[in-house]
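S.K.: Pasting a structure here, questions to come.
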Amino acid sequence: RKEVEQDPGPFNVPEGATVAFNCTYSNSASQSFFWYRQDCRKEPKLLMSVYSSGNEDGRFTAQLNRASQYISLLIRDSKLSDSATYLCVAHTGGFKTIFGAGTRLFVKA
Amino acid sequence: DAGVIQSPRHEVTEMGQEVTLRCKPISGHNSLFWYRQTMMRGLELLIYFNNNVPIDDSGMPEDRFSAKMPNASFSTLKIQPSEPRDSAVYFCASSPGEGRGGYTFGSGTRLTVV
């Protein structure tokens with residue numbers, strides 16, 4: 001079993017739609033969580049950190065559920081420019097950071 | 001801030017040749033990470049340094065791979081001899097401390113070994 005698992009998708013949604021991604025992690029000792037965005041042929045870029053209390057950045061909302069060991073990302077009012085791969089990441093103390101394989105999102109006009 | 005700088009952006013080489021990838025981390029970041037990304041295997045951590053010291057190189061696939069960090073502003077990843085299965089995008093990332101706040105990635109080196 002992978003330490004961080006994501007649905008690879010692709011998710012195909014129309015502009016303006018709301019889309020949600022989930023991610024599960026297996027190591028209960030994981031301490032910090034993130035979502036990264038990666039555009040085609042580009043480097044991963046930090047999108048947002050994920051906290052138990054949930055955090056929101058504009059159209060993006062991230063949530064952590066420690067009891068169930070999953071992380072979610074909600075994108076409201078999808079834009080064409082949101083099309084990318086979204087990577088779920090768990091940091092487990094020390095220098096150990098595990099990246100999920102990514103979920104591909106296509107937003108169409 | 002110039003971000004993490006990697007060179008070259010693209011490298012095409014023949015099998016058996018030596019390849020050297022370079023990375024300059026963000027000033028003040030004391031941790032540096034080398035990753036490899038392929039379609040099949042996703043992002044794989046190869047090695048990381050803290051304060052210029054290699055901490056864990058268990059992700060380095062074979063002895064053909066080696067990495068150095070002679071000072072806080074420069075690191076290299078060397079493959080000798082290169083093989084076609086080494087073709088991938090190699091990313092360098094840096095962070096302050098262990099990376100609890102996330103990493104900043106360079107734009108990567110796309111390596112093709114023919």
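We name chains A, B, ... following the order of the structure tokens; residues begin at 1 in each chain, and ligands are numbered from 1 as shown.
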Using only C-alpha atoms, what does the table of chain B residues within 6 Å of chain A look like, with each row giving the shortest atom pair and its distance in Å to one decimal, sorted by chain and ascending number, as a tab-separated table?
M.R.:
residue	atom	partner	partner_atom	distance
B:Gly42	CA	A:Ala101	CA	5.5
B:Glu98	CA	A:Phe95	CA	4.9
B:Ser107	CA	A:Glu43	CA	5.2
S.K.: Write out the residues from the selection above, keeping N, CA, C and O atoms, as a compact mmCIF listing (two decimals), in the first residue's frame.
M.R.:
# COMPACT_ATOMS: atom_id res chain seq x y z
N GLY B 42 6.15 8.45 -10.78
CA GLY B 42 5.85 9.70 -10.09
C GLY B 42 7.11 10.35 -9.55
O GLY B 42 8.19 10.17 -10.09
N GLU B 98 13.41 21.11 8.08
CA GLU B 98 13.05 19.79 7.58
C GLU B 98 12.04 19.82 6.45
O GLU B 98 11.79 18.81 5.80
N SER B 107 12.93 24.44 -11.56
CA SER B 107 12.15 24.14 -12.76
C SER B 107 12.56 22.82 -13.42
O SER B 107 11.95 22.41 -14.40
S.K.: Could you give me, as a PyMOL selection string, each residue of chain B that DSSP assigns to strand (DSSP E) when run on this structure's backbone?
M.R.: chain B and resi 5-7+10-13+19-24+31-38+42-50+53-56+65-71+74-79+88-95+104-105+109-113
S.K.: May I have the selected residues written with C-alpha atoms, as a PDB file, in the first residue's frame?
M.R.:
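Just written: again-v9.pdb:
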ATOM      1  CA  ILE B   5      17.917  27.426  -9.940  1.00  0.00           C
ATOM      2  CA  GLN B   6      18.688  24.288 -11.890  1.00  0.00           C
ATOM      3  CA  SER B   7      20.847  23.753 -14.930  1.00  0.00           C
ATOM      4  CA  HIS B  10      17.375  20.036 -20.973  1.00  0.00           C
ATOM      5  CA  GLU B  11      20.067  17.448 -21.490  1.00  0.00           C
ATOM      6  CA  VAL B  12      20.295  14.875 -24.238  1.00  0.00           C
ATOM      7  CA  THR B  13      23.168  12.460 -23.980  1.00  0.00           C
ATOM      8  CA  VAL B  19      25.775  13.579 -16.851  1.00  0.00           C
ATOM      9  CA  THR B  20      26.011  16.308 -14.223  1.00  0.00           C
ATOM     10  CA  LEU B  21      22.974  18.212 -13.034  1.00  0.00           C
ATOM     11  CA  ARG B  22      23.336  21.377 -11.007  1.00  0.00           C
ATOM     12  CA  CYS B  23      21.275  23.133  -8.388  1.00  0.00           C
ATOM     13  CA  LYS B  24      21.444  26.384  -6.477  1.00  0.00           C
ATOM     14  CA  SER B  31      17.868  21.606   3.309  1.00  0.00           C
ATOM     15  CA  LEU B  32      18.173  20.440  -0.268  1.00  0.00           C
ATOM     16  CA  PHE B  33      16.393  17.570  -1.964  1.00  0.00           C
ATOM     17  CA  TRP B  34      16.889  15.807  -5.283  1.00  0.00           C
ATOM     18  CA  TYR B  35      13.823  14.191  -6.857  1.00  0.00           C
ATOM     19  CA  ARG B  36      13.235  12.263 -10.049  1.00  0.00           C
ATOM     20  CA  GLN B  37       9.878  12.220 -11.804  1.00  0.00           C
ATOM     21  CA  THR B  38       8.633   9.790 -14.425  1.00  0.00           C
ATOM     22  CA  GLY B  42       5.848   9.701 -10.090  1.00  0.00           C
ATOM     23  CA  LEU B  43       8.084  11.794  -7.835  1.00  0.00           C
ATOM     24  CA  GLU B  44      10.839   9.804  -6.182  1.00  0.00           C
ATOM     25  CA  LEU B  45      13.156  11.231  -3.537  1.00  0.00           C
ATOM     26  CA  LEU B  46      16.741  10.377  -4.416  1.00  0.00           C
ATOM     27  CA  ILE B  47      18.766  12.077  -1.699  1.00  0.00           C
ATOM     28  CA  TYR B  48      18.611  15.012   0.665  1.00  0.00           C
ATOM     29  CA  PHE B  49      21.101  17.224   2.439  1.00  0.00           C
ATOM     30  CA  ASN B  50      20.873  19.252   5.590  1.00  0.00           C
ATOM     31  CA  VAL B  53      25.611  16.998   4.800  1.00  0.00           C
ATOM     32  CA  PRO B  54      23.914  14.053   3.044  1.00  0.00           C
ATOM     33  CA  ILE B  55      21.278  12.724   5.428  1.00  0.00           C
ATOM     34  CA  ASP B  56      19.648   9.935   3.471  1.00  0.00           C
ATOM     35  CA  PHE B  65      24.251   7.963  -9.123  1.00  0.00           C
ATOM     36  CA  SER B  66      26.137  10.286  -6.805  1.00  0.00           C
ATOM     37  CA  ALA B  67      25.391  13.679  -5.292  1.00  0.00           C
ATOM     38  CA  LYS B  68      27.456  16.321  -3.592  1.00  0.00           C
ATOM     39  CA  MET B  69      26.866  19.586  -1.817  1.00  0.00           C
ATOM     40  CA  PRO B  70      30.228  21.297  -1.393  1.00  0.00           C
ATOM     41  CA  ASN B  71      28.684  24.467   0.036  1.00  0.00           C
ATOM     42  CA  PHE B  74      25.487  24.555  -4.758  1.00  0.00           C
ATOM     43  CA  SER B  75      24.734  20.893  -5.280  1.00  0.00           C
ATOM     44  CA  THR B  76      25.333  18.427  -8.089  1.00  0.00           C
ATOM     45  CA  LEU B  77      23.761  15.139  -9.073  1.00  0.00           C
ATOM     46  CA  LYS B  78      25.956  12.986 -11.278  1.00  0.00           C
ATOM     47  CA  ILE B  79      25.088   9.896 -13.278  1.00  0.00           C
ATOM     48  CA  ALA B  88      13.325  11.518 -16.490  1.00  0.00           C
ATOM     49  CA  VAL B  89      12.835  14.991 -15.114  1.00  0.00           C
ATOM     50  CA  TYR B  90      15.148  15.671 -12.194  1.00  0.00           C
ATOM     51  CA  PHE B  91      14.003  18.271  -9.704  1.00  0.00           C
ATOM     52  CA  CYS B  92      15.939  19.975  -6.979  1.00  0.00           C
ATOM     53  CA  ALA B  93      14.012  21.475  -4.063  1.00  0.00           C
ATOM     54  CA  SER B  94      15.033  23.414  -0.995  1.00  0.00           C
ATOM     55  CA  SER B  95      13.463  24.342   2.312  1.00  0.00           C
ATOM     56  CA  THR B 104      10.307  25.179  -3.246  1.00  0.00           C
ATOM     57  CA  PHE B 105      11.175  23.302  -6.415  1.00  0.00           C
ATOM     58  CA  THR B 109      16.260  19.219 -15.756  1.00  0.00           C
ATOM     59  CA  ARG B 110      14.691  17.068 -18.452  1.00  0.00           C
ATOM     60  CA  LEU B 111      17.203  14.303 -19.146  1.00  0.00           C
ATOM     61  CA  THR B 112      17.032  12.102 -22.199  1.00  0.00           C
ATOM     62  CA  VAL B 113      19.546   9.297 -22.588  1.00  0.00           C
TER      63      VAL B 113
END
S.K.: Which residues are near stretch 13-29 of chain A? Cut-off 8 Å, only C-alpha atoms, ignore same chain within fewer than 5 positions. Put them as a PyMOL selection string.
M.R.: chain A and resi 2-7+66+69-80+88+90+92-93+103+105-109
S.K.: Would you save the residues of that selection, restricted to N, CA and C atoms, as an mmCIF file, in the first residue's frame?
M.R.:
data_model
loop_
_atom_site.group_PDB
_atom_site.id
_atom_site.type_symbol
_atom_site.label_atom_id
_atom_site.label_comp_id
_atom_site.auth_asym_id
_atom_site.auth_seq_id
_atom_site.Cartn_x
_atom_site.Cartn_y
_atom_site.Cartn_z
ATOM 1 N N LYS A 2 0.556 2.207 -0.858
ATOM 2 C CA LYS A 2 1.327 3.431 -0.911
ATOM 3 C C LYS A 2 1.057 4.254 0.336
ATOM 4 N N GLU A 3 2.082 5.025 0.758
ATOM 5 C CA GLU A 3 1.911 5.824 1.961
ATOM 6 C C GLU A 3 0.935 6.974 1.768
ATOM 7 N N VAL A 4 0.889 7.506 0.571
ATOM 8 C CA VAL A 4 -0.067 8.565 0.244
ATOM 9 C C VAL A 4 -0.766 8.148 -1.043
ATOM 10 N N GLU A 5 -2.073 8.009 -0.977
ATOM 11 C CA GLU A 5 -2.824 7.530 -2.138
ATOM 12 C C GLU A 5 -3.831 8.564 -2.607
ATOM 13 N N GLN A 6 -3.869 8.736 -3.918
ATOM 14 C CA GLN A 6 -4.813 9.649 -4.543
ATOM 15 C C GLN A 6 -5.478 8.961 -5.719
ATOM 16 N N ASP A 7 -6.680 9.387 -6.007
ATOM 17 C CA ASP A 7 -7.344 8.955 -7.231
ATOM 18 C C ASP A 7 -6.647 9.681 -8.381
ATOM 19 N N ARG A 66 -7.768 13.796 10.759
ATOM 20 C CA ARG A 66 -6.738 12.918 11.323
ATOM 21 C C ARG A 66 -7.314 11.555 11.714
ATOM 22 N N GLN A 69 -7.568 9.774 8.603
ATOM 23 C CA GLN A 69 -6.315 9.881 7.853
ATOM 24 C C GLN A 69 -6.563 10.227 6.389
ATOM 25 N N TYR A 70 -7.349 11.259 6.188
ATOM 26 C CA TYR A 70 -7.494 11.738 4.827
ATOM 27 C C TYR A 70 -7.471 13.258 4.777
ATOM 28 N N ILE A 71 -7.122 13.713 3.588
ATOM 29 C CA ILE A 71 -6.984 15.141 3.304
ATOM 30 C C ILE A 71 -7.846 15.438 2.088
ATOM 31 N N SER A 72 -8.450 16.576 2.094
ATOM 32 C CA SER A 72 -9.293 16.918 0.950
ATOM 33 C C SER A 72 -8.934 18.298 0.414
ATOM 34 N N LEU A 73 -9.248 18.491 -0.842
ATOM 35 C CA LEU A 73 -9.103 19.802 -1.491
ATOM 36 C C LEU A 73 -10.370 20.062 -2.277
ATOM 37 N N LEU A 74 -10.981 21.189 -2.018
ATOM 38 C CA LEU A 74 -12.206 21.588 -2.709
ATOM 39 C C LEU A 74 -11.911 22.821 -3.539
ATOM 40 N N ILE A 75 -12.284 22.768 -4.798
ATOM 41 C CA ILE A 75 -12.120 23.920 -5.680
ATOM 42 C C ILE A 75 -13.512 24.365 -6.124
ATOM 43 N N ARG A 76 -13.847 25.579 -5.802
ATOM 44 C CA ARG A 76 -15.150 26.140 -6.201
ATOM 45 C C ARG A 76 -14.989 26.992 -7.445
ATOM 46 N N ASP A 77 -16.059 27.102 -8.212
ATOM 47 C CA ASP A 77 -16.076 27.970 -9.380
ATOM 48 C C ASP A 77 -14.831 27.730 -10.249
ATOM 49 N N SER A 78 -14.676 26.506 -10.693
ATOM 50 C CA SER A 78 -13.475 26.102 -11.438
ATOM 51 C C SER A 78 -13.214 27.008 -12.641
ATOM 52 N N LYS A 79 -11.952 27.300 -12.851
ATOM 53 C CA LYS A 79 -11.506 28.083 -13.998
ATOM 54 C C LYS A 79 -10.693 27.190 -14.938
ATOM 55 N N LEU A 80 -10.628 27.599 -16.190
ATOM 56 C CA LEU A 80 -9.807 26.851 -17.143
ATOM 57 C C LEU A 80 -8.377 26.736 -16.630
ATOM 58 N N CYS A 88 -0.931 15.504 -3.417
ATOM 59 C CA CYS A 88 -1.167 15.475 -1.974
ATOM 60 C C CYS A 88 0.146 15.078 -1.304
ATOM 61 N N ALA A 90 2.358 14.392 2.473
ATOM 62 C CA ALA A 90 2.389 14.207 3.922
ATOM 63 C C ALA A 90 3.827 14.292 4.396
ATOM 64 N N THR A 92 6.289 13.534 7.508
ATOM 65 C CA THR A 92 6.259 12.677 8.685
ATOM 66 C C THR A 92 7.508 12.877 9.523
ATOM 67 N N GLY A 93 7.674 14.025 10.059
ATOM 68 C CA GLY A 93 8.799 14.303 10.946
ATOM 69 C C GLY A 93 10.137 14.105 10.258
ATOM 70 N N THR A 103 -3.522 13.868 -8.827
ATOM 71 C CA THR A 103 -4.850 13.775 -9.429
ATOM 72 C C THR A 103 -4.921 14.800 -10.554
ATOM 73 N N LEU A 105 -6.721 17.158 -13.195
ATOM 74 C CA LEU A 105 -7.963 17.905 -13.361
ATOM 75 C C LEU A 105 -7.945 18.608 -14.704
ATOM 76 N N PHE A 106 -9.033 18.432 -15.446
ATOM 77 C CA PHE A 106 -9.251 19.175 -16.692
ATOM 78 C C PHE A 106 -10.526 19.986 -16.537
ATOM 79 N N VAL A 107 -10.415 21.265 -16.681
ATOM 80 C CA VAL A 107 -11.580 22.136 -16.644
ATOM 81 C C VAL A 107 -11.848 22.578 -18.076
ATOM 82 N N LYS A 108 -13.075 22.320 -18.558
ATOM 83 C CA LYS A 108 -13.373 22.648 -19.944
ATOM 84 C C LYS A 108 -14.407 23.759 -20.043
ATOM 85 N N ALA A 109 -14.280 24.494 -21.123
ATOM 86 C CA ALA A 109 -15.164 25.634 -21.348
ATOM 87 C C ALA A 109 -16.574 25.164 -21.681
#
S.K.: From the options B:Met60, B:Glu18, B:Gly101, B:Gly108, which residue's atoms come nearest to B:Pro81, counting only C-alpha atoms?
M.R.: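 Smallest separation from B:Pro81 among the options: B:Glu18.
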S.K.: If I take atom CA of B:Gly106 and atom CA of B:Pro61, how far is one from the other in Å, to one decimal?
M.R.: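 Interatomic distance here is 21.2 Å.
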S.K.: I want to know what sits within 8 Å of B:Glu14, based on only C-alpha atoms, with residues of the same chain fewer than 3 positions away left out; could you give that as number ranges by chain?
M.R.: B: 17, 82, 113-114
S.K.: Can I get the selection written as a PDB file, in the first residue's frame, with C-alpha atoms?
M.R.:
ATOM      1  CA  GLN B  17      28.175   9.255 -20.985  1.00  0.00           C
ATOM      2  CA  SER B  82      24.084   7.061 -17.941  1.00  0.00           C
ATOM      3  CA  VAL B 113      19.546   9.297 -22.588  1.00  0.00           C
ATOM      4  CA  VAL B 114      19.600   7.766 -26.048  1.00  0.00           C
TER       5      VAL B 114
END
S.K.: So that I can see what lies close to B:Gly28, please list as a PyMOL selection string the residues with an atom at most 9 Å from it, counting only C-alpha atoms and leaving out residues fewer than 6 positions away in the same chain.
M.R.: chain B and resi 72-73+95-96
S.K.: Given only C-alpha atoms as the basis, pick out the residue of B:Asp63, B:Met15, B:Met39, B:Asn51 nearest to B:Glu83.
M.R.: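 Counting only C-alpha atoms, the residue closest to B:Glu83 is B:Met15.
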